[in-house]
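Student: Pasting query.txt here (compact mmCIF, C-alpha atoms):
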# COMPACT_ATOMS: atom_id res chain seq x y z
CA MET A 19 0.00 0.00 0.00
CA ARG A 20 2.72 2.39 0.98
CA ARG A 21 4.54 1.58 -2.23
CA ILE A 22 1.47 2.35 -4.30
CA THR A 23 1.04 5.77 -2.65
CA LYS A 24 4.69 6.55 -3.34
CA LEU A 25 4.32 5.56 -6.97
CA ALA A 26 1.18 7.66 -7.39
CA GLY A 27 3.01 10.62 -5.82
CA ALA A 28 5.90 10.22 -8.22
CA MET A 29 3.52 10.11 -11.17
CA LEU A 30 1.77 13.21 -9.94
CA LEU A 31 5.11 15.05 -9.68
CA MET A 32 5.92 14.21 -13.28
CA GLY A 33 2.71 16.01 -14.22
CA ALA A 34 2.15 16.93 -17.87
CA SER A 35 5.35 15.38 -19.11
CA ALA A 36 4.31 12.00 -17.75
CA ALA A 37 2.46 11.33 -21.01
CA SER A 38 5.66 11.76 -23.05
CA SER A 39 8.15 10.32 -20.56
CA GLY A 40 8.12 6.99 -22.40
CA ALA A 41 8.57 8.68 -25.78
CA GLU A 42 11.90 8.69 -27.56
CA LEU A 43 13.62 10.99 -30.03
CA ASN A 44 16.33 9.38 -32.10
CA LEU A 45 18.50 11.30 -34.52
CA LYS A 46 21.05 9.84 -36.88
CA LEU A 47 23.29 12.46 -38.43
CA GLU A 48 26.13 12.04 -40.84
CA ILE A 49 29.24 14.18 -41.03
CA PRO A 50 30.38 13.77 -44.65
CA ARG A 51 33.90 13.05 -45.80
CA LEU A 52 35.14 16.09 -47.71
CA ASP A 53 37.89 16.27 -50.27
CA VAL A 54 39.63 19.40 -48.99
CA ALA A 55 43.28 20.29 -48.42
CA GLU A 56 42.72 21.56 -44.88
CA TYR A 57 40.09 19.67 -42.92
CA HIS A 58 38.82 20.58 -39.48
CA ARG A 59 35.97 18.79 -37.79
CA PRO A 60 32.79 20.86 -37.91
CA TYR A 61 31.13 22.58 -35.00
CA VAL A 62 27.63 21.10 -34.79
CA ALA A 63 24.55 22.23 -32.86
CA VAL A 64 21.31 20.26 -32.55
CA TRP A 65 18.27 21.75 -30.91
CA VAL A 66 14.46 21.63 -30.81
CA GLU A 67 12.80 24.68 -32.30
CA ASN A 68 9.30 26.02 -31.62
CA GLN A 69 7.08 27.02 -34.54
CA ASP A 70 8.18 30.67 -34.03
CA GLN A 71 11.85 29.57 -34.30
CA SER A 72 12.55 30.18 -30.61
CA THR A 73 14.41 27.38 -28.86
CA ALA A 74 12.46 24.72 -26.97
CA ALA A 75 15.34 22.41 -26.01
CA GLN A 76 19.10 22.14 -26.48
CA LEU A 77 20.14 18.66 -27.56
CA ALA A 78 23.81 18.73 -28.55
CA VAL A 79 26.67 21.14 -29.26
CA TRP A 80 30.02 19.81 -30.46
CA TYR A 81 32.93 22.22 -30.37
CA GLN A 82 36.67 22.33 -29.79
CA THR A 83 36.94 21.53 -26.08
CA ASP A 84 40.65 20.63 -25.90
CA SER A 85 42.06 22.83 -23.13
CA LYS A 86 45.56 22.56 -24.62
CA LYS A 87 44.38 24.32 -27.79
CA GLU A 88 43.01 27.82 -28.29
CA ASP A 89 39.73 28.50 -26.48
CA GLY A 90 37.12 26.83 -28.69
CA THR A 91 34.16 28.80 -27.33
CA GLN A 92 35.23 31.87 -29.33
CA TRP A 93 33.97 30.26 -32.57
CA LEU A 94 30.60 29.09 -31.24
CA LYS A 95 29.10 32.30 -32.65
CA ASP A 96 29.75 30.88 -36.14
CA LEU A 97 26.89 28.45 -35.49
CA ARG A 98 25.04 31.66 -36.10
CA GLN A 99 21.42 30.53 -36.04
CA TRP A 100 22.03 28.53 -32.87
CA TRP A 101 23.96 31.47 -31.40
CA ARG A 102 21.07 33.81 -32.05
CA ARG A 103 18.44 31.37 -30.78
CA GLY A 104 19.94 30.89 -27.36
CA GLY A 105 23.53 29.70 -27.75
CA ARG A 106 24.80 33.12 -26.74
CA GLU A 107 22.90 32.90 -23.47
CA LEU A 108 24.48 29.61 -22.37
CA GLN A 109 27.39 29.21 -20.03
CA MET A 110 29.71 26.63 -21.62
CA PRO A 111 30.01 23.71 -21.07
CA VAL A 112 26.43 22.48 -20.61
CA ASP A 113 26.12 19.12 -18.89
CA GLY A 114 24.49 16.52 -21.11
CA VAL A 115 24.53 18.85 -24.13
CA THR A 116 28.04 19.96 -25.06
CA GLY A 117 30.93 17.79 -26.09
CA ALA A 118 33.99 17.56 -28.31
CA THR A 119 33.83 17.76 -32.10
CA ARG A 120 33.22 14.41 -33.81
CA PRO A 121 34.84 12.73 -36.81
CA VAL A 122 33.47 11.92 -40.24
CA GLY A 123 30.77 9.25 -40.10
CA ALA A 124 27.28 8.58 -38.76
CA HIS A 125 26.43 9.62 -35.22
CA VAL A 126 23.36 8.54 -33.33
CA LEU A 127 21.74 10.68 -30.65
CA THR A 128 18.95 9.23 -28.53
CA TYR A 129 16.87 11.13 -25.99
CA LYS A 130 14.09 9.73 -23.85
CA GLY A 131 11.13 11.84 -22.82
CA SER A 132 12.31 11.45 -19.25
CA ASP A 133 15.82 12.78 -20.05
CA LYS A 134 16.41 16.29 -18.80
CA GLN A 135 16.76 17.70 -22.35
CA LEU A 136 13.15 16.74 -23.21
CA ALA A 137 11.52 16.46 -19.79
CA THR A 138 9.94 19.91 -20.01
CA LEU A 139 8.96 19.73 -23.70
CA ALA A 140 5.19 20.26 -23.90
CA PRO A 141 3.21 18.23 -26.42
CA GLY A 142 3.13 20.04 -29.76
CA LYS A 143 4.72 20.62 -33.16
CA TYR A 144 8.45 21.32 -33.40
CA ASN A 145 11.49 21.10 -35.63
CA VAL A 146 14.79 19.47 -34.89
CA VAL A 147 17.43 21.86 -36.24
CA VAL A 148 20.92 20.70 -37.13
CA GLU A 149 23.51 23.38 -37.88
CA ALA A 150 27.12 22.71 -38.84
CA THR A 151 29.98 25.11 -39.51
CA ARG A 152 33.59 24.32 -40.26
CA GLU A 153 36.84 26.29 -39.99
CA VAL A 154 37.95 27.30 -43.53
CA GLY A 155 34.75 25.61 -44.69
CA GLY A 156 31.07 26.41 -45.03
CA ARG A 157 27.91 26.35 -42.97
CA GLU A 158 24.74 24.34 -43.39
CA LEU A 159 21.44 24.19 -41.53
CA LEU A 160 18.68 21.59 -41.84
CA ARG A 161 15.23 21.37 -40.22
CA LEU A 162 13.24 18.20 -39.55
CA PRO A 163 9.61 18.62 -38.42
CA PHE A 164 7.98 16.36 -35.82
CA GLU A 165 5.16 16.24 -33.31
CA TRP A 166 5.93 15.55 -29.66
CA PRO A 167 5.23 12.95 -28.51
CA GLY A 168 2.79 12.15 -31.34
CA THR A 169 0.43 9.22 -31.55
CA GLN A 170 2.43 6.95 -33.81
CA LYS A 171 6.01 6.47 -34.91
CA GLN A 172 7.25 9.36 -37.07
CA THR A 173 10.22 9.53 -39.40
CA ALA A 174 11.66 12.64 -41.07
CA THR A 175 14.71 12.81 -43.28
CA ALA A 176 16.87 15.58 -44.70
CA GLN A 177 19.89 15.49 -46.95
CA GLY A 178 22.73 17.96 -46.52
CA LYS A 179 24.67 19.19 -49.52
CA THR A 180 27.90 20.50 -48.10
CA GLU A 181 28.67 20.29 -44.39
CA LEU A 182 26.06 17.69 -43.46
CA GLY A 183 25.13 14.31 -44.92
CA ALA A 184 21.91 12.35 -44.47
CA ILE A 185 19.90 13.05 -41.33
CA THR A 186 17.12 10.80 -40.07
CA LEU A 187 14.80 11.64 -37.21
CA ASN A 188 12.67 8.98 -35.55
CA VAL A 189 10.15 9.86 -32.86
CA THR A 190 8.28 7.13 -31.02
CA PRO A 191 5.43 8.07 -28.68
CA MET B 18 50.52 73.31 -42.74
CA LYS B 19 48.95 70.93 -45.19
CA THR B 20 48.36 68.47 -42.36
CA ALA B 21 46.85 71.18 -40.20
CA LEU B 22 44.52 72.19 -43.00
CA ARG B 23 43.51 68.60 -43.56
CA ALA B 24 42.90 68.10 -39.85
CA PHE B 25 40.69 71.17 -39.84
CA ALA B 26 38.81 69.95 -42.89
CA VAL B 27 38.14 66.61 -41.21
CA SER B 28 36.97 68.19 -37.98
CA ALA B 29 34.78 70.54 -39.93
CA ALA B 30 33.34 67.64 -41.87
CA LEU B 31 32.59 65.82 -38.66
CA LEU B 32 31.01 68.80 -37.00
CA ALA B 33 29.08 70.11 -39.96
CA PRO B 34 28.17 67.22 -42.21
CA PHE B 35 25.65 69.21 -44.18
CA ALA B 36 28.31 71.61 -45.33
CA SER B 37 30.04 68.72 -47.08
CA HIS B 38 27.10 66.73 -48.34
CA ALA B 39 29.03 64.36 -50.50
CA HIS B 40 31.17 62.67 -47.93
CA LYS B 41 30.08 59.99 -45.55
CA MET B 42 31.52 59.47 -42.08
CA TRP B 43 31.67 56.01 -40.69
CA LEU B 44 33.00 53.57 -38.15
CA LEU B 45 33.57 50.02 -39.38
CA PRO B 46 34.01 47.31 -36.73
CA SER B 47 35.84 44.09 -37.59
CA ALA B 48 33.04 42.10 -35.92
CA THR B 49 29.75 42.92 -34.23
CA VAL B 50 28.96 39.45 -32.85
CA SER B 51 31.69 38.24 -30.54
CA THR B 52 32.44 36.61 -27.22
CA VAL B 53 33.90 37.91 -23.98
CA ASP B 54 37.64 38.76 -23.90
CA GLN B 55 37.90 38.86 -27.69
CA TRP B 56 39.22 41.96 -29.47
CA ILE B 57 37.67 44.01 -32.20
CA THR B 58 39.43 46.53 -34.39
CA VAL B 59 37.56 49.51 -35.79
CA ASP B 60 38.26 51.71 -38.83
CA ALA B 61 37.12 55.34 -38.83
CA ALA B 62 37.04 57.26 -42.09
CA VAL B 63 35.28 59.77 -44.31
CA SER B 64 34.61 58.79 -47.91
CA ASN B 65 32.05 58.79 -50.71
CA ASP B 66 32.14 55.03 -51.07
CA LEU B 67 31.02 52.54 -48.45
CA PHE B 68 33.12 51.22 -46.79
CA TYR B 69 36.39 52.14 -48.50
CA PHE B 70 39.03 54.46 -47.08
CA ASN B 71 39.99 56.74 -49.92
CA HIS B 72 39.51 60.30 -48.73
CA VAL B 73 40.38 61.38 -45.18
CA PRO B 74 40.46 59.73 -41.75
CA LEU B 75 37.99 60.49 -38.97
CA ARG B 76 39.80 61.93 -35.97
CA LEU B 77 39.50 59.97 -32.77
CA ASP B 78 39.63 62.90 -30.29
CA SER B 79 35.99 62.57 -29.38
CA LEU B 80 35.84 58.78 -29.19
CA ALA B 81 33.53 57.48 -26.46
CA ILE B 82 33.22 53.72 -25.94
CA THR B 83 30.51 52.61 -23.52
CA ALA B 84 30.83 49.15 -21.94
CA PRO B 85 27.85 46.88 -21.17
CA ASP B 86 27.79 48.12 -17.54
CA GLY B 87 27.69 51.76 -18.70
CA SER B 88 31.32 52.54 -17.83
CA LYS B 89 33.73 54.15 -20.31
CA VAL B 90 36.42 52.09 -22.00
CA ASN B 91 39.61 53.39 -23.59
CA ALA B 92 40.56 52.46 -27.13
CA GLU B 93 43.87 50.61 -27.54
CA ASN B 94 46.45 51.18 -30.28
CA PRO B 95 44.84 54.30 -31.78
CA PHE B 96 46.38 55.35 -35.08
CA THR B 97 45.50 57.96 -37.66
CA GLY B 98 46.89 57.51 -41.13
CA LYS B 99 46.40 59.11 -44.50
CA TYR B 100 42.97 57.63 -45.19
CA ARG B 101 41.73 56.14 -41.97
CA SER B 102 42.01 55.99 -38.22
CA VAL B 103 42.11 52.63 -36.46
CA PHE B 104 41.71 51.50 -32.86
CA ASP B 105 41.26 48.27 -30.96
CA VAL B 106 38.86 47.42 -28.15
CA GLN B 107 38.97 44.35 -25.94
CA LEU B 108 35.49 43.17 -25.02
CA LYS B 109 36.19 42.37 -21.39
CA GLN B 110 32.52 42.29 -20.39
CA ASN B 111 29.63 40.22 -21.61
CA GLY B 112 27.04 42.34 -23.38
CA THR B 113 26.67 45.23 -25.79
CA TYR B 114 29.21 48.02 -26.33
CA LYS B 115 28.44 51.34 -27.98
CA VAL B 116 31.33 52.83 -29.93
CA ALA B 117 30.75 56.50 -30.72
CA LEU B 118 32.37 59.69 -31.90
CA VAL B 119 30.43 62.53 -30.29
CA ASN B 120 31.17 66.00 -31.52
CA ASN B 121 29.67 69.13 -30.13
CA GLY B 122 31.07 72.46 -31.23
CA LEU B 123 30.59 76.08 -32.26
CA PHE B 124 31.65 77.72 -35.49
CA ALA B 125 32.00 81.44 -35.92
CA SER B 126 32.95 83.76 -38.74
CA TYR B 127 33.41 87.50 -38.30
CA GLU B 128 35.32 90.54 -39.46
CA GLN B 129 37.93 92.33 -37.45
CA ASN B 130 39.95 95.30 -38.71
CA GLY B 131 38.55 94.59 -42.17
CA GLN B 132 39.79 90.99 -42.14
CA ARG B 133 37.60 87.89 -42.39
CA LYS B 134 38.19 85.46 -39.49
CA ARG B 135 37.04 81.95 -38.78
CA TRP B 136 36.85 80.33 -35.41
CA ARG B 137 35.74 77.03 -33.89
CA GLY B 138 35.56 75.87 -30.28
CA ASN B 139 33.17 75.64 -27.36
CA ALA B 140 31.05 78.15 -25.44
CA GLU B 141 33.75 78.77 -22.84
CA LYS B 142 36.40 79.54 -25.46
CA PHE B 143 33.96 81.68 -27.40
CA ALA B 144 33.80 84.28 -24.63
CA LYS B 145 37.60 84.44 -24.43
CA GLU B 146 38.64 84.13 -28.05
CA VAL B 147 36.00 85.87 -30.15
CA PRO B 148 36.36 89.62 -29.75
CA ALA B 149 33.34 91.47 -28.41
CA ASP B 150 33.62 94.05 -31.22
CA ALA B 151 33.57 91.46 -34.02
CA ASN B 152 31.63 92.66 -37.06
CA ASN B 153 29.21 90.54 -39.08
CA LEU B 154 29.47 87.80 -36.49
CA GLN B 155 27.84 84.54 -37.54
CA VAL B 156 27.79 81.63 -35.14
CA SER B 157 26.39 78.17 -35.57
CA GLU B 158 26.37 75.15 -33.32
CA SER B 159 26.79 71.56 -34.30
CA PHE B 160 26.09 68.28 -32.53
CA GLY B 161 26.93 65.06 -34.30
CA ARG B 162 27.30 61.40 -33.51
CA VAL B 163 28.90 58.58 -35.47
CA GLU B 164 28.20 55.22 -33.86
CA THR B 165 28.40 51.47 -34.12
CA PHE B 166 27.51 48.58 -31.82
CA VAL B 167 29.29 45.38 -30.84
CA THR B 168 28.13 42.53 -28.58
CA ALA B 169 30.07 39.90 -26.66
CA GLY B 170 27.71 37.03 -25.86
CA LYS B 171 24.14 37.98 -25.07
CA PRO B 172 22.92 41.43 -26.23
CA THR B 173 22.23 43.92 -23.44
CA GLU B 174 20.63 47.38 -23.25
CA THR B 175 22.55 49.50 -20.72
CA ALA B 176 25.04 51.01 -23.19
CA LEU B 177 22.19 51.94 -25.53
CA LYS B 178 20.51 54.35 -23.11
CA PRO B 179 20.22 57.85 -24.57
CA ALA B 180 22.05 60.86 -23.15
CA ASN B 181 19.00 62.95 -24.14
CA ILE B 182 21.22 65.57 -25.80
CA GLY B 183 21.24 66.18 -29.54
CA LEU B 184 20.08 63.61 -32.08
CA GLU B 185 20.15 60.00 -30.94
CA LEU B 186 18.97 56.57 -32.07
CA ILE B 187 17.05 54.27 -29.75
CA PRO B 188 17.12 50.75 -31.13
CA LEU B 189 13.72 49.07 -30.67
CA THR B 190 15.27 46.07 -32.41
CA HIS B 191 18.65 45.35 -30.83
CA PRO B 192 21.40 46.72 -33.15
CA ASN B 193 23.27 43.41 -32.98
CA ASP B 194 20.16 41.39 -33.79
CA LEU B 195 19.60 42.46 -37.38
CA TYR B 196 18.93 39.83 -40.05
CA ALA B 197 18.41 39.98 -43.80
CA GLY B 198 14.72 39.66 -44.66
CA GLU B 199 13.54 40.83 -41.21
CA ALA B 200 12.37 44.36 -40.46
CA SER B 201 14.08 46.32 -37.67
CA LYS B 202 12.59 49.25 -35.75
CA PHE B 203 14.42 52.32 -34.55
CA ARG B 204 13.33 55.48 -32.77
CA PHE B 205 15.09 58.81 -33.08
CA LEU B 206 15.19 61.41 -30.32
CA ILE B 207 16.20 65.05 -30.25
CA ASP B 208 17.13 66.13 -26.73
CA GLY B 209 15.26 63.06 -25.48
CA LYS B 210 12.02 63.76 -27.36
CA PRO B 211 10.73 61.80 -30.39
CA ALA B 212 12.04 63.27 -33.66
CA ALA B 213 9.15 63.12 -36.16
CA ASN B 214 9.48 63.57 -39.94
CA LEU B 215 13.20 63.03 -39.94
CA ASP B 216 14.70 62.07 -43.29
CA VAL B 217 16.83 58.95 -42.89
CA VAL B 218 19.05 57.31 -45.49
CA VAL B 219 20.07 53.65 -45.25
CA GLN B 220 22.65 52.23 -47.62
CA PRO B 221 24.45 48.89 -47.88
CA GLY B 222 28.23 48.76 -48.13
CA GLY B 223 30.12 47.34 -51.09
CA THR B 224 29.29 50.27 -53.37
CA ARG B 225 32.49 49.75 -55.38
CA TYR B 226 31.16 46.51 -56.80
CA ARG B 227 27.77 47.61 -58.04
CA ASN B 228 26.36 50.36 -60.23
CA GLU B 229 23.54 51.69 -58.05
CA GLN B 230 23.76 53.43 -54.69
CA GLU B 231 20.80 51.34 -53.46
CA GLU B 232 19.82 53.99 -50.93
CA GLN B 233 16.62 53.58 -48.97
CA LYS B 234 15.08 56.97 -48.18
CA LEU B 235 12.91 56.74 -45.08
CA LYS B 236 11.03 59.12 -42.80
CA THR B 237 10.28 58.83 -39.10
CA ASP B 238 6.63 58.80 -37.99
CA ALA B 239 4.99 60.94 -35.29
CA ASN B 240 6.74 58.86 -32.60
CA GLY B 241 10.12 59.36 -34.25
CA GLU B 242 10.06 55.72 -35.32
CA LEU B 243 10.78 53.92 -38.54
CA SER B 244 11.14 50.41 -39.81
CA VAL B 245 14.10 49.31 -41.94
CA ASN B 246 14.13 46.28 -44.22
CA TRP B 247 17.50 44.76 -44.96
CA PRO B 248 17.41 43.13 -48.40
CA VAL B 249 20.77 41.34 -48.10
CA PRO B 250 23.28 40.59 -45.34
CA GLY B 251 26.23 42.94 -44.94
CA MET B 252 27.35 46.18 -43.34
CA TYR B 253 24.87 49.07 -43.64
CA TRP B 254 25.28 52.79 -43.17
CA LEU B 255 22.48 54.93 -41.74
CA GLU B 256 22.46 58.70 -41.68
CA THR B 257 20.06 61.39 -40.63
CA GLY B 258 20.21 65.01 -39.62
CA THR B 259 18.23 68.17 -39.08
CA GLU B 260 18.55 71.73 -37.87
CA ASP B 261 16.88 73.70 -35.10
CA GLN B 262 17.32 76.86 -33.06
CA LYS B 263 17.97 75.23 -29.69
CA THR B 264 21.51 76.49 -29.34
CA SER B 265 23.51 76.52 -26.14
CA LEU B 266 24.97 79.96 -26.89
CA LYS B 267 22.73 82.96 -27.50
CA GLN B 268 24.93 84.28 -30.34
CA ALA B 269 24.42 81.01 -32.22
CA LYS B 270 21.27 81.18 -34.32
CA GLN B 271 21.20 77.65 -35.57
CA ARG B 272 22.03 74.15 -34.33
CA ARG B 273 22.90 71.41 -36.80
CA LEU B 274 22.21 67.88 -35.62
CA SER B 275 23.52 64.75 -37.28
CA TYR B 276 23.52 61.05 -36.60
CA VAL B 277 25.34 58.24 -38.39
CA ALA B 278 25.49 54.55 -37.51
CA THR B 279 26.98 51.43 -39.03
CA PHE B 280 25.04 48.17 -38.60
CA GLU B 281 25.92 44.63 -39.44
CA VAL B 282 23.04 42.61 -40.92
CA LEU B 283 23.51 38.86 -40.69
CA PRO B 284 22.32 36.12 -42.98
CA GLN B 285 19.55 33.81 -41.77
Please go through the file and, once you have read it, give me the structure as structure tokens.
Tutor:
Amino acid sequence: MRRITKLAGAMLLMGASAASSGAELNLKLEIPRLDVAEYHRPYVAVWVENQDQSTAAQLAVWYQTDSKKEDGTQWLKDLRQWWRRGGRELQMPVDGVTGATRPVGAHVLTYKGSDKQLATLAPGKYNVVVEATREVGGRELLRLPFEWPGTQKQTATAQGKTELGAITLNVTP
Amino acid sequence: MKTALRAFAVSAALLAPFASHAHKMWLLPSATVSTVDQWITVDAAVSNDLFYFNHVPLRLDSLAITAPDGSKVNAENPFTGKYRSVFDVQLKQNGTYKVALVNNGLFASYEQNGQRKRWRGNAEKFAKEVPADANNLQVSESFGRVETFVTAGKPTETALKPANIGLELIPLTHPNDLYAGEASKFRFLIDGKPAANLDVVVQPGGTRYRNEQEEQKLKTDANGELSVNWPVPGMYWLETGTEDQKTSLKQAKQRRLSYVATFEVLPQ
């Protein structure tokens, strides 16, 4: 009996997000191999965007975090849409969000509705935005629409042309 | 002597822009979106073309840099060359900096012992230096600003507060949050009050590489406000000015007010 009360209390605390706590957002993004003389790994930002383009959730930011090199935070502004939409208000690093730049290849990001990145995301329509910018290279931004948490499994894809490869978003309610 | 003459010409241009219609004054920052502790370098020049130094430098005597907390910051490595002045600023605080040249001065012309004389200075010097028996005395006052804005990290508002003297711009859209394809709103004030029906010119840089000036001619509404559309990303030059009779010296009949700003408009 006591256990049941405790469980009910916990469910009550989770409130509105309880409905989406079992949901999952899975993103597969490819950093393409580029035939360039001077290659640097791209800075990449991934976030959830509201319909008015304001930021609903930060998912990932990959930048130069090596303390032996020049301070990598000075180039975060070059992820210029992310910078404008909230990047400039963050204190780096952000636990669970920021990390080192990643190599060429496919990278999989998975977030559960109960994870802190998505725990406060209200049900509704959003975009996942992926922005990449590279030293002595270009910049590319892709948007993938989805509904959170939705009623059935959703898949969205986008194909980058320069700094990003194929991106696949899967959302399961 | 030549240098002295040139220096006078530049000061005169800065103080009385309407006397030298053709030339544009401007500050050009190396970056407007930055992060704390980074440096910016700024060019200051007068030219017909935007933004190319090919005429005379802007003098830095009246440079006023306001930090995000409202304090004043000194420029580093100031230099004035043949065509431009340059200075550096380290953005030691998070937030928005206002970089401005603020010039307030008096001009007089008169005759003494049959000779035509010219004078410039401030009200205090006027009493000492312009003889009381000057004939055909003509005095005018001038108040001009040339500004630009730079932000480290998150944009802030403190440095943008008006001094409520002369002609000023109040950004209703933050001056470091301007994007191609989005409209931005500005309000103009004269002595702290809305400046209605002000003629404002907005022009994108890069004039050397196109045939048209591509000027936008705008007018402020009853609240002193206007909306600017930025067709393409880049550096833009904005200028406005007017005249009134609100002089600080009773001998001066007319006050010329001018305002210039350089804005960076970012791509989406």
Student: Which residues come within 7 Å of Gly123 (chain A), counting all atoms listed in the file, excluding same-chain residues fewer than 3 positions away, as a ChimeraX atom specification?
Tutor: /A:48-50
Student: Measuring atom to atom with all atoms listed in the file, identify which of B:Tyr100, B:Phe143, B:Trp247, B:Tyr127 is nearest to Glu281 (chain B).
Tutor: B:Trp247
Student: Residues at most 12 Å from Lys143 (chain A), counting all atoms listed in the file, excluding those fewer than 5 positions away in the same chain, as a PyMOL selection string?
Tutor: chain A and resi 66-71+74+162-168
Student: Would you write out those residues with C-alpha atoms, as an mmCIF file, in the coordinates of the input?
Tutor:
data_model
loop_
_atom_site.group_PDB
_atom_site.id
_atom_site.type_symbol
_atom_site.label_atom_id
_atom_site.label_comp_id
_atom_site.auth_asym_id
_atom_site.auth_seq_id
_atom_site.Cartn_x
_atom_site.Cartn_y
_atom_site.Cartn_z
ATOM 1 C CA VAL A 66 14.460 21.630 -30.810
ATOM 2 C CA GLU A 67 12.800 24.680 -32.300
ATOM 3 C CA ASN A 68 9.300 26.020 -31.620
ATOM 4 C CA GLN A 69 7.080 27.020 -34.540
ATOM 5 C CA ASP A 70 8.180 30.670 -34.030
ATOM 6 C CA GLN A 71 11.850 29.570 -34.300
ATOM 7 C CA ALA A 74 12.460 24.720 -26.970
ATOM 8 C CA LEU A 162 13.240 18.200 -39.550
ATOM 9 C CA PRO A 163 9.610 18.620 -38.420
ATOM 10 C CA PHE A 164 7.980 16.360 -35.820
ATOM 11 C CA GLU A 165 5.160 16.240 -33.310
ATOM 12 C CA TRP A 166 5.930 15.550 -29.660
ATOM 13 C CA PRO A 167 5.230 12.950 -28.510
ATOM 14 C CA GLY A 168 2.790 12.150 -31.340
#
Student: Up to 7 Å from chain A, what residues of chain B turn up? Count all atoms listed in the file and give them as an mmCIF file with C-alpha atoms, keeping the file's coordinate frame.
Tutor:
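Printed below is out12.cif as written:
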data_model
loop_
_atom_site.group_PDB
_atom_site.id
_atom_site.type_symbol
_atom_site.label_atom_id
_atom_site.label_comp_id
_atom_site.auth_asym_id
_atom_site.auth_seq_id
_atom_site.Cartn_x
_atom_site.Cartn_y
_atom_site.Cartn_z
ATOM 1 C CA SER B 51 31.690 38.240 -30.540
ATOM 2 C CA THR B 52 32.440 36.610 -27.220
ATOM 3 C CA GLY B 170 27.710 37.030 -25.860
ATOM 4 C CA LYS B 171 24.140 37.980 -25.070
ATOM 5 C CA GLN B 285 19.550 33.810 -41.770
#
Student: Please compute the CA of Pro95 (chain B)-CA of Phe70 (chain B) distance, one decimal, in Å.
Tutor: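 CA of Phe70 (chain B) lies 16.4 Å from CA of Pro95 (chain B).
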Student: Quick one: residues within 8 Å of Val116 (chain B), all atoms listed in the file, excluding same-chain residues fewer than 5 positions away - as a PyMOL selection string?
Tutor: chain B and resi 80-83+164-167
Student: With C-alpha atoms retained, export the selected residues as a CSV table (one decimal), in the frame of the given file.
Tutor:
chain,number,residue,atom,x,y,z
B,80,LEU,CA,35.8,58.8,-29.2
B,81,ALA,CA,33.5,57.5,-26.5
B,82,ILE,CA,33.2,53.7,-25.9
B,83,THR,CA,30.5,52.6,-23.5
B,164,GLU,CA,28.2,55.2,-33.9
B,165,THR,CA,28.4,51.5,-34.1
B,166,PHE,CA,27.5,48.6,-31.8
B,167,VAL,CA,29.3,45.4,-30.8
Student: Looking at B:Gln271, B:Ser265, B:Thr97, B:Asn193, which one is nearest to Asn139 (chain B), with distances taken over only C-alpha atoms?
Tutor: B:Ser265
Student: As an exercise, work out the distance from CA of Tyr276 (chain B) to CA of Tyr114 (chain B) in Å and give it to one decimal place.
Tutor: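 So the two atoms, CA of Tyr276 (chain B) and CA of Tyr114 (chain B), lie 17.5 Å apart.
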Student: Can you pull out every residue within 7 Å of Leu75 (chain B), counting only C-alpha atoms, but drop anything in the same chain fewer than 4 positions away, and send it as a PyMOL selection string?
Tutor: chain B and resi 27+61-63+101-102
Student: Suppose you want the space between CA of Gly155 (chain A) and CA of Lys86 (chain A); what is it in Å?
Tutor: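 Computing it gives 23.0 Å between the two atoms.
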Student: Do you know which residues are at most 10 Å from Gln177 (chain A) counting all atoms listed in the file, after dropping those on the same chain fewer than 4 positions away, and could you put them as a ChimeraX atom specification?
Tutor: /A:47-48,160,182-186
Student: Mind listing as an MDAnalysis selection string all residues within 10 Å of (22.7, 53.6, -44.6), counting all atoms listed in the file?
Tutor: chainID B and resid 41 67 217:222 231:234 245 252:257 277:280
Student: Restricting the calculation to only C-alpha atoms, which member of A:Leu187, A:Met110, A:Ala174, A:Leu136 is positioned closest to Gly40 (chain A)?
Tutor: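 Looking at the shortest contact to Gly40 (chain A), the residue is A:Leu136.
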Student: Find the residue from A:Val148, A:Pro191, A:Lys179, A:Asp89 that sits nearest to Leu127 (chain A); use only C-alpha atoms when measuring.
Tutor: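 Closest to Leu127 (chain A) of all the choices is A:Val148.
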Student: Could you give me, as an mmCIF file with C-alpha atoms, in the coordinates of the input, the residues that have an atom at most 9 Å away from the point (39.1, 18.7, -29.3) in the coordinates of the file, using all atoms listed in the file?
Tutor:
data_model
loop_
_atom_site.group_PDB
_atom_site.id
_atom_site.type_symbol
_atom_site.label_atom_id
_atom_site.label_comp_id
_atom_site.auth_asym_id
_atom_site.auth_seq_id
_atom_site.Cartn_x
_atom_site.Cartn_y
_atom_site.Cartn_z
ATOM 1 C CA TYR A 81 32.930 22.220 -30.370
ATOM 2 C CA GLN A 82 36.670 22.330 -29.790
ATOM 3 C CA THR A 83 36.940 21.530 -26.080
ATOM 4 C CA ASP A 84 40.650 20.630 -25.900
ATOM 5 C CA SER A 85 42.060 22.830 -23.130
ATOM 6 C CA LYS A 86 45.560 22.560 -24.620
ATOM 7 C CA LYS A 87 44.380 24.320 -27.790
ATOM 8 C CA GLY A 90 37.120 26.830 -28.690
ATOM 9 C CA GLY A 117 30.930 17.790 -26.090
ATOM 10 C CA ALA A 118 33.990 17.560 -28.310
ATOM 11 C CA THR A 119 33.830 17.760 -32.100
ATOM 12 C CA ARG A 120 33.220 14.410 -33.810
#
